[in-house]
Every structure is written in C-alpha cells, then in structure tokens.
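Trainee: Have a peek at start38.pdb (PDB, C-alpha atoms, pLDDT in the B column).
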ATOM      1  CA  LEU A1401      60.377  46.881  26.820  1.00 61.00           C
ATOM      2  CA  ALA A1402      64.117  46.241  26.716  1.00 57.00           C
ATOM      3  CA  HIS A1403      64.476  48.406  23.633  1.00 63.00           C
ATOM      4  CA  ASP A1404      62.519  51.162  25.375  1.00 65.00           C
ATOM      5  CA  VAL A1405      65.170  51.370  28.115  1.00 60.00           C
ATOM      6  CA  GLY A1406      68.025  51.154  25.619  1.00 62.00           C
ATOM      7  CA  ASP A1407      68.838  47.513  26.308  1.00 61.00           C
ATOM      8  CA  GLY A1408      67.521  45.660  23.272  1.00 60.00           C
ATOM      9  CA  ALA A1409      70.847  44.555  21.795  1.00 64.00           C
ATOM     10  CA  GLY A1410      70.752  41.072  23.357  1.00 65.00           C
ATOM     11  CA  GLY A1411      67.453  40.120  21.774  1.00 64.00           C
ATOM     12  CA  TYR A1412      64.808  37.962  23.388  1.00 58.00           C
ATOM     13  CA  LYS A1413      67.015  36.599  26.175  1.00 63.00           C
ATOM     14  CA  ASP A1414      67.922  40.077  27.414  1.00 61.00           C
ATOM     15  CA  SER A1415      64.344  41.266  27.061  1.00 58.00           C
ATOM     16  CA  LEU A1416      63.278  38.675  29.643  1.00 58.00           C
ATOM     17  CA  ARG A1417      64.924  40.852  32.275  1.00 62.00           C
ATOM     18  CA  TYR A1418      62.026  43.234  31.652  1.00 64.00           C
ATOM     19  CA  ALA A1419      59.110  40.881  31.048  1.00 73.00           C
ATOM     20  CA  ARG A1420      58.059  37.347  31.875  1.00 79.00           C
ATOM     21  CA  SER A1421      55.604  35.581  29.647  1.00 81.00           C
ATOM     22  CA  ARG A1422      53.517  32.889  31.245  1.00 85.00           C
ATOM     23  CA  ALA A1423      51.192  31.139  28.831  1.00 86.00           C
ATOM     24  CA  TYR A1424      48.916  28.336  29.925  1.00 89.00           C
ATOM     25  CA  SER A1425      47.507  26.956  26.704  1.00 87.00           C
ATOM     26  CA  GLY A1426      44.193  25.196  27.203  1.00 89.00           C
ATOM     27  CA  TRP A1427      43.641  26.509  30.740  1.00 94.00           C
ATOM     28  CA  THR A1428      40.470  28.254  31.836  1.00 95.00           C
ATOM     29  CA  ALA A1429      40.423  31.530  33.753  1.00 95.00           C
ATOM     30  CA  GLU A1430      39.310  29.630  36.843  1.00 92.00           C
ATOM     31  CA  GLU A1431      42.252  27.230  36.585  1.00 95.00           C
ATOM     32  CA  LEU A1432      44.694  30.135  36.229  1.00 96.00           C
ATOM     33  CA  LEU A1433      43.953  31.698  39.619  1.00 96.00           C
ATOM     34  CA  PRO A1434      46.304  29.504  41.742  1.00 96.00           C
ATOM     35  CA  MET A1435      49.094  29.892  39.162  1.00 95.00           C
ATOM     36  CA  LEU A1436      48.634  33.658  39.123  1.00 96.00           C
ATOM     37  CA  ARG A1437      48.741  33.878  42.912  1.00 96.00           C
ATOM     38  CA  ARG A1438      51.964  31.858  42.935  1.00 95.00           C
ATOM     39  CA  SER A1439      53.489  34.056  40.230  1.00 94.00           C
ATOM     40  CA  LEU A1440      52.501  37.231  42.066  1.00 95.00           C
ATOM     41  CA  ARG A1441      54.532  36.073  45.083  1.00 94.00           C
ATOM     42  CA  GLU A1442      57.629  35.898  42.839  1.00 91.00           C
ATOM     43  CA  GLY A1443      57.497  39.679  42.232  1.00 82.00           C
ATOM     44  CA  PRO A1444      57.915  42.550  42.549  1.00 87.00           C
ATOM     45  CA  TRP A1445      56.102  43.202  39.286  1.00 89.00           C
ATOM     46  CA  ARG A1446      55.398  46.502  37.635  1.00 88.00           C
ATOM     47  CA  CYS A1447      52.174  45.158  36.099  1.00 92.00           C
ATOM     48  CA  VAL A1448      50.400  41.982  35.048  1.00 95.00           C
ATOM     49  CA  VAL A1449      48.806  41.523  31.640  1.00 96.00           C
ATOM     50  CA  ILE A1450      45.895  39.099  31.580  1.00 97.00           C
ATOM     51  CA  MET A1451      44.105  37.606  28.586  1.00 96.00           C
ATOM     52  CA  ALA A1452      41.841  34.709  29.473  1.00 96.00           C
ATOM     53  CA  GLY A1453      38.362  33.353  28.902  1.00 94.00           C
ATOM     54  CA  VAL A1454      38.386  31.772  25.454  1.00 93.00           C
ATOM     55  CA  ASN A1455      38.978  28.283  26.809  1.00 93.00           C
ATOM     56  CA  ASP A1456      36.153  28.777  29.309  1.00 95.00           C
ATOM     57  CA  VAL A1457      33.816  29.420  26.381  1.00 93.00           C
ATOM     58  CA  ILE A1458      35.175  26.658  24.130  1.00 90.00           C
ATOM     59  CA  TRP A1459      35.797  23.805  26.556  1.00 91.00           C
ATOM     60  CA  ARG A1460      33.417  24.542  29.413  1.00 93.00           C
ATOM     61  CA  GLN A1461      30.681  26.325  27.471  1.00 91.00           C
ATOM     62  CA  ALA A1462      30.758  28.859  30.306  1.00 95.00           C
ATOM     63  CA  SER A1463      28.365  31.784  30.298  1.00 95.00           C
ATOM     64  CA  THR A1464      29.569  35.323  29.819  1.00 96.00           C
ATOM     65  CA  ALA A1465      28.767  36.096  33.454  1.00 97.00           C
ATOM     66  CA  THR A1466      30.811  33.114  34.656  1.00 97.00           C
ATOM     67  CA  VAL A1467      33.820  34.034  32.534  1.00 97.00           C
ATOM     68  CA  LEU A1468      33.714  37.661  33.635  1.00 97.00           C
ATOM     69  CA  ALA A1469      33.449  36.577  37.286  1.00 97.00           C
ATOM     70  CA  HIS A1470      36.560  34.416  36.890  1.00 97.00           C
ATOM     71  CA  LEU A1471      38.398  37.276  35.198  1.00 97.00           C
ATOM     72  CA  GLU A1472      37.438  39.561  38.078  1.00 97.00           C
ATOM     73  CA  GLU A1473      38.958  36.999  40.478  1.00 97.00           C
ATOM     74  CA  LEU A1474      42.222  37.127  38.522  1.00 97.00           C
ATOM     75  CA  TYR A1475      42.230  40.918  38.559  1.00 97.00           C
ATOM     76  CA  ALA A1476      41.372  40.966  42.281  1.00 97.00           C
ATOM     77  CA  ALA A1477      44.354  38.715  43.038  1.00 97.00           C
ATOM     78  CA  CYS A1478      46.571  41.325  41.377  1.00 97.00           C
ATOM     79  CA  ASP A1479      44.857  44.105  43.325  1.00 96.00           C
ATOM     80  CA  GLU A1480      45.490  42.212  46.577  1.00 97.00           C
ATOM     81  CA  ALA A1481      49.168  41.897  45.639  1.00 96.00           C
ATOM     82  CA  GLY A1482      49.349  45.600  44.785  1.00 95.00           C
ATOM     83  CA  VAL A1483      50.182  44.943  41.135  1.00 95.00           C
ATOM     84  CA  PRO A1484      48.395  46.942  38.403  1.00 95.00           C
ATOM     85  CA  VAL A1485      46.517  44.923  35.786  1.00 96.00           C
ATOM     86  CA  ILE A1486      46.226  45.394  32.065  1.00 96.00           C
ATOM     87  CA  ALA A1487      43.109  43.493  31.051  1.00 97.00           C
ATOM     88  CA  LEU A1488      43.115  42.330  27.449  1.00 97.00           C
ATOM     89  CA  THR A1489      39.975  41.497  25.551  1.00 97.00           C
ATOM     90  CA  ASN A1490      39.986  37.972  24.208  1.00 95.00           C
ATOM     91  CA  LEU A1491      41.011  37.690  20.591  1.00 94.00           C
ATOM     92  CA  GLU A1492      38.411  36.699  18.065  1.00 92.00           C
ATOM     93  CA  ALA A1493      38.235  33.030  17.195  1.00 90.00           C
ATOM     94  CA  ASP A1494      36.653  31.005  14.412  1.00 90.00           C
ATOM     95  CA  LEU A1495      34.772  28.540  16.575  1.00 90.00           C
ATOM     96  CA  GLY A1496      33.472  26.621  13.564  1.00 89.00           C
ATOM     97  CA  GLU A1497      36.432  24.314  14.124  1.00 85.00           C
ATOM     98  CA  PHE A1498      35.040  23.393  17.560  1.00 88.00           C
ATOM     99  CA  PHE A1499      31.247  23.552  17.116  1.00 90.00           C
ATOM    100  CA  THR A1500      29.398  22.173  14.105  1.00 92.00           C
ATOM    101  CA  ASP A1501      25.850  22.856  15.314  1.00 95.00           C
ATOM    102  CA  PRO A1502      25.050  26.321  13.926  1.00 95.00           C
ATOM    103  CA  ILE A1503      22.965  27.269  16.957  1.00 96.00           C
ATOM    104  CA  VAL A1504      25.693  26.286  19.416  1.00 94.00           C
ATOM    105  CA  LEU A1505      28.307  27.975  17.220  1.00 94.00           C
ATOM    106  CA  ALA A1506      26.336  31.228  17.213  1.00 95.00           C
ATOM    107  CA  GLU A1507      25.851  31.036  20.994  1.00 95.00           C
ATOM    108  CA  ARG A1508      29.575  30.494  21.631  1.00 94.00           C
ATOM    109  CA  GLN A1509      30.614  33.234  19.175  1.00 94.00           C
ATOM    110  CA  LYS A1510      28.207  35.591  20.946  1.00 96.00           C
ATOM    111  CA  ALA A1511      29.599  34.539  24.332  1.00 96.00           C
ATOM    112  CA  LEU A1512      33.142  35.391  23.188  1.00 95.00           C
ATOM    113  CA  ALA A1513      32.017  38.763  21.850  1.00 96.00           C
ATOM    114  CA  ASP A1514      30.094  39.442  25.060  1.00 97.00           C
ATOM    115  CA  VAL A1515      33.132  38.559  27.207  1.00 97.00           C
ATOM    116  CA  ALA A1516      35.247  40.986  25.160  1.00 97.00           C
ATOM    117  CA  GLU A1517      32.574  43.664  25.570  1.00 97.00           C
ATOM    118  CA  GLY A1518      32.433  42.971  29.311  1.00 97.00           C
ATOM    119  CA  VAL A1519      36.180  43.467  29.587  1.00 97.00           C
ATOM    120  CA  LEU A1520      35.924  46.697  27.585  1.00 97.00           C
ATOM    121  CA  GLN A1521      33.298  47.920  30.043  1.00 96.00           C
ATOM    122  CA  MET A1522      35.872  47.548  32.825  1.00 94.00           C
ATOM    123  CA  ARG A1523      37.702  50.585  31.380  1.00 91.00           C
ATOM    124  CA  ARG A1524      36.000  52.700  33.987  1.00 87.00           C
ATOM    125  CA  ARG A1525      38.171  51.121  36.682  1.00 89.00           C
ATOM    126  CA  ARG A1526      40.947  49.180  34.941  1.00 93.00           C
ATOM    127  CA  VAL A1527      43.503  49.536  32.194  1.00 95.00           C
ATOM    128  CA  VAL A1528      42.040  47.665  29.225  1.00 96.00           C
ATOM    129  CA  ALA A1529      43.489  47.001  25.781  1.00 96.00           C
ATOM    130  CA  ASP A1530      41.148  46.062  22.952  1.00 96.00           C
ATOM    131  CA  THR A1531      43.080  43.289  21.248  1.00 95.00           C
ATOM    132  CA  ARG A1532      40.111  42.397  19.043  1.00 95.00           C
ATOM    133  CA  LYS A1533      40.415  45.783  17.389  1.00 95.00           C
ATOM    134  CA  GLU A1534      44.206  45.627  17.114  1.00 95.00           C
ATOM    135  CA  VAL A1535      44.562  41.991  15.985  1.00 96.00           C
ATOM    136  CA  PRO A1536      41.626  41.184  13.703  1.00 94.00           C
ATOM    137  CA  LEU A1537      40.875  37.563  12.859  1.00 93.00           C
ATOM    138  CA  ASN A1538      42.251  37.200   9.339  1.00 93.00           C
ATOM    139  CA  ASP A1539      45.016  35.419   7.433  1.00 92.00           C
ATOM    140  CA  ASP A1540      47.460  38.275   8.040  1.00 94.00           C
ATOM    141  CA  PHE A1541      47.491  37.637  11.774  1.00 95.00           C
ATOM    142  CA  PHE A1542      46.254  34.085  12.457  1.00 93.00           C
ATOM    143  CA  ASP A1543      47.613  30.630  11.605  1.00 89.00           C
ATOM    144  CA  ASP A1544      44.407  28.858  12.497  1.00 87.00           C
ATOM    145  CA  ALA A1545      41.039  29.471  14.099  1.00 84.00           C
ATOM    146  CA  VAL A1546      42.454  30.631  17.438  1.00 86.00           C
ATOM    147  CA  HIS A1547      46.233  31.137  17.464  1.00 87.00           C
ATOM    148  CA  PRO A1548      48.075  34.176  16.115  1.00 92.00           C
ATOM    149  CA  LYS A1549      50.974  33.743  13.723  1.00 93.00           C
ATOM    150  CA  PRO A1550      54.161  35.769  14.376  1.00 92.00           C
ATOM    151  CA  THR A1551      52.701  38.897  12.756  1.00 94.00           C
ATOM    152  CA  GLY A1552      49.664  38.617  15.035  1.00 94.00           C
ATOM    153  CA  SER A1553      51.855  38.089  18.075  1.00 92.00           C
ATOM    154  CA  VAL A1554      53.905  41.178  17.218  1.00 91.00           C
ATOM    155  CA  ARG A1555      50.711  43.195  16.806  1.00 94.00           C
ATOM    156  CA  LEU A1556      49.450  41.851  20.156  1.00 93.00           C
ATOM    157  CA  ALA A1557      52.758  42.740  21.843  1.00 90.00           C
ATOM    158  CA  ASP A1558      52.576  46.256  20.390  1.00 92.00           C
ATOM    159  CA  CYS A1559      49.053  46.623  21.774  1.00 94.00           C
ATOM    160  CA  VAL A1560      50.251  45.600  25.242  1.00 93.00           C
ATOM    161  CA  PHE A1561      53.323  47.841  25.055  1.00 91.00           C
ATOM    162  CA  GLN A1562      51.201  50.842  24.096  1.00 93.00           C
ATOM    163  CA  ALA A1563      48.875  50.190  27.060  1.00 94.00           C
ATOM    164  CA  ILE A1564      51.850  49.946  29.426  1.00 91.00           C
ATOM    165  CA  LYS A1565      53.382  53.164  28.122  1.00 89.00           C
ATOM    166  CA  PHE A1566      50.132  55.144  27.862  1.00 89.00           C
ATOM    167  CA  HIS A1567      49.175  54.322  31.443  1.00 90.00           C
ATOM    168  CA  GLY A1568      52.670  54.860  32.840  1.00 85.00           C
ATOM    169  CA  LEU A1569      53.123  51.305  34.054  1.00 83.00           C
TER     170      LEU A1569
END
Output the file's structure as structure tokens, nothing else.
Mentor:
Amino acid sequence: LAHDVGDGAGGYKDSLRYARSRAYSGWTAEELLPMLRRSLREGPWRCVVIMAGVNDVIWRQASTATVLAHLEELYAACDEAGVPVIALTNLEADLGEFFTDPIVLAERQKALADVAEGVLQMRRRRVVADTRKEVPLNDDFFDDAVHPKPTGSVRLADCVFQAIKFHGL
C-alpha cells in the first residue's frame, strides 16, 4: 500500500502508516469480536480485512453454520462502524496433524471447505477474496500444515491488495 502511493522507500516501518496488521494466533472468530470492536474505535479505517474460522473448526470442532454466524458478527461490527470489509476465505490446512481419526479428519476438512464456500457465497453483498485459490496448500507456500511461509504470506498480501484496489477501497 505504501508503494502504491509512492512511499515505499522506508520499508515495513513506513508501510505501517498505511496498514495495521492484527493477528490473533489461536483465537476463534467468536473470541475476536471484542478485539475487533476495540480496534474499530481506533480508526478511522479505510477497510478491514478479516480471515477467521480455522481455529473454530480445529479447536472447537464448530459447525460450518456456527463459524459463518461468528464471521457475520465480525462483518456486522464493521458495518456498524461504517468500515468496509474484505472477507477472506480461510486458507486450506492439512488437519491430519490435529486429527488422527479418519472420519473426524474428513469431517473437519469438509467443515473448512464449507466455511470457505460460505464466505465465497457472501460475494453477493460483500467484498470477498478467495485465498484458497491464490495460496494453495503446498510446499511452495506453507511451512507446516496451517501456516504460510514468506512466499505464501506475500501471495496472501497480493491477494488482499488486489481486492482493495479492484473494489476502490
């Protein structure tokens, strides 16, 4: 974003004038709501980018409907604050590291895919970026079963940037 306005010379530190990254590793979408509301009060913000739901599936074994309801609460908080949302699909994950029972593993993998599909369906009323398509789960982009390596993070950032630019945010 800094480079886009001709101010990329100072690197990461200068770029933070244009974007704030708030990552809550291990948090569920439900747990994020109070933090998001607090962050929204710190604005003004030009948009909020939200990717959440994987931890709900992994740690809480939440249903697709539950995860999507919690995501809708996050998006609604942004709507209430008058801040546009870019909803990101959850990245793929190799849940074999977390679930050894093949039936449970298949159920959780399906839940993650269904959450991503549910977010994609929100395109009718929200800006959505399909990060699963842009950052496939493979050794080029992931260090482990869940977390992107630097090349994956750059690809994810490019996906977000393109959504911001395409939608004029």
Trainee: Report as number ranges by chain all protein, DNA and RNA residues lying within 10 Å of Phe1498 in chain A, evaluated on only C-alpha atoms, omitting residues in the same chain fewer than 2 positions from it.
Mentor: A: 1458-1459, 1494-1496, 1500-1501, 1504-1505, 1508, 1545
Trainee: Run through the PyMOL selection byres ((chain A and resi 1429) around 9) on the given coordinates and return the selected residues as a ChimeraX atom specification.
Mentor: /A:1427-1428,1430-1433,1451-1456,1467,1470-1471,1473-1474
Trainee: Selected residues, C-alpha atoms, written as a PDB file, in the coordinates of the input, please.
Mentor:
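File produced: again.pdb:
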ATOM      1  CA  TRP A1427      43.641  26.509  30.740  1.00 94.00           C
ATOM      2  CA  THR A1428      40.470  28.254  31.836  1.00 95.00           C
ATOM      3  CA  GLU A1430      39.310  29.630  36.843  1.00 92.00           C
ATOM      4  CA  GLU A1431      42.252  27.230  36.585  1.00 95.00           C
ATOM      5  CA  LEU A1432      44.694  30.135  36.229  1.00 96.00           C
ATOM      6  CA  LEU A1433      43.953  31.698  39.619  1.00 96.00           C
ATOM      7  CA  MET A1451      44.105  37.606  28.586  1.00 96.00           C
ATOM      8  CA  ALA A1452      41.841  34.709  29.473  1.00 96.00           C
ATOM      9  CA  GLY A1453      38.362  33.353  28.902  1.00 94.00           C
ATOM     10  CA  VAL A1454      38.386  31.772  25.454  1.00 93.00           C
ATOM     11  CA  ASN A1455      38.978  28.283  26.809  1.00 93.00           C
ATOM     12  CA  ASP A1456      36.153  28.777  29.309  1.00 95.00           C
ATOM     13  CA  VAL A1467      33.820  34.034  32.534  1.00 97.00           C
ATOM     14  CA  HIS A1470      36.560  34.416  36.890  1.00 97.00           C
ATOM     15  CA  LEU A1471      38.398  37.276  35.198  1.00 97.00           C
ATOM     16  CA  GLU A1473      38.958  36.999  40.478  1.00 97.00           C
ATOM     17  CA  LEU A1474      42.222  37.127  38.522  1.00 97.00           C
TER      18      LEU A1474
END
Trainee: For CA of Val1449 in chain A and CA of Leu1488 in chain A, quote the distance in Å rounded to one decimal.
Mentor: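 Separating CA of Val1449 in chain A from CA of Leu1488 in chain A is a distance of 7.1 Å.
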Trainee: One number please: CA of Glu1442 in chain A to CA of Ile1564 in chain A, in Å, one decimal.
Mentor: 20.3 Å
Trainee: Rank A:Val1519, A:Val1527, A:Cys1447, A:Val1560 by their smallest atom-to-atom distance to Val1483 in chain A, using all atoms listed in the file, and report the top residue only.
Mentor: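 Of A:Val1519, A:Val1527, A:Cys1447, A:Val1560, the one nearest Val1483 in chain A is A:Cys1447, counting all atoms listed in the file.
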Trainee: How far is it from CA of Arg1523 in chain A to CA of Asp1540 in chain A, in Å with one decimal?
Mentor: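 These two atoms are separated by 28.1 Å.
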Trainee: Nearest to Glu1472 in chain A among A:Ala1516, A:Ala1557, A:Met1522, A:Met1435, with distances taken over all atoms listed in the file: which residue is it?
Mentor: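 Under the stated criterion, the closest residue is A:Met1522.
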Trainee: Scan for residues within 10 Å of the point (33.0, 38.1, 23.5) in the coordinates of the file, using all atoms listed in the file, and reply as a VMD selection string.
Mentor: chain A and resid 1453 to 1454 1457 1464 1467 1489 to 1493 1508 to 1520 1532
Trainee: Between A:Val1528, A:Val1535, A:Ser1425, A:Ala1563, which has the minimum distance to Pro1550 in chain A (counting all atoms listed in the file)?
Mentor: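 Nearest candidate to Pro1550 in chain A out of A:Val1528, A:Val1535, A:Ser1425, A:Ala1563: A:Val1535.
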Trainee: Return as lines of an AutoDock Vina configuration file the centre and edge lengths, in Å with one decimal, of the box along x, y and z that encloses every atom of range 1463-1467 of chain A in the file, padded by 3 Å per side.
Mentor:
center_x = 31.1
center_y = 33.9
center_z = 32.2
size_x = 11.5
size_y = 10.3
size_z = 10.8
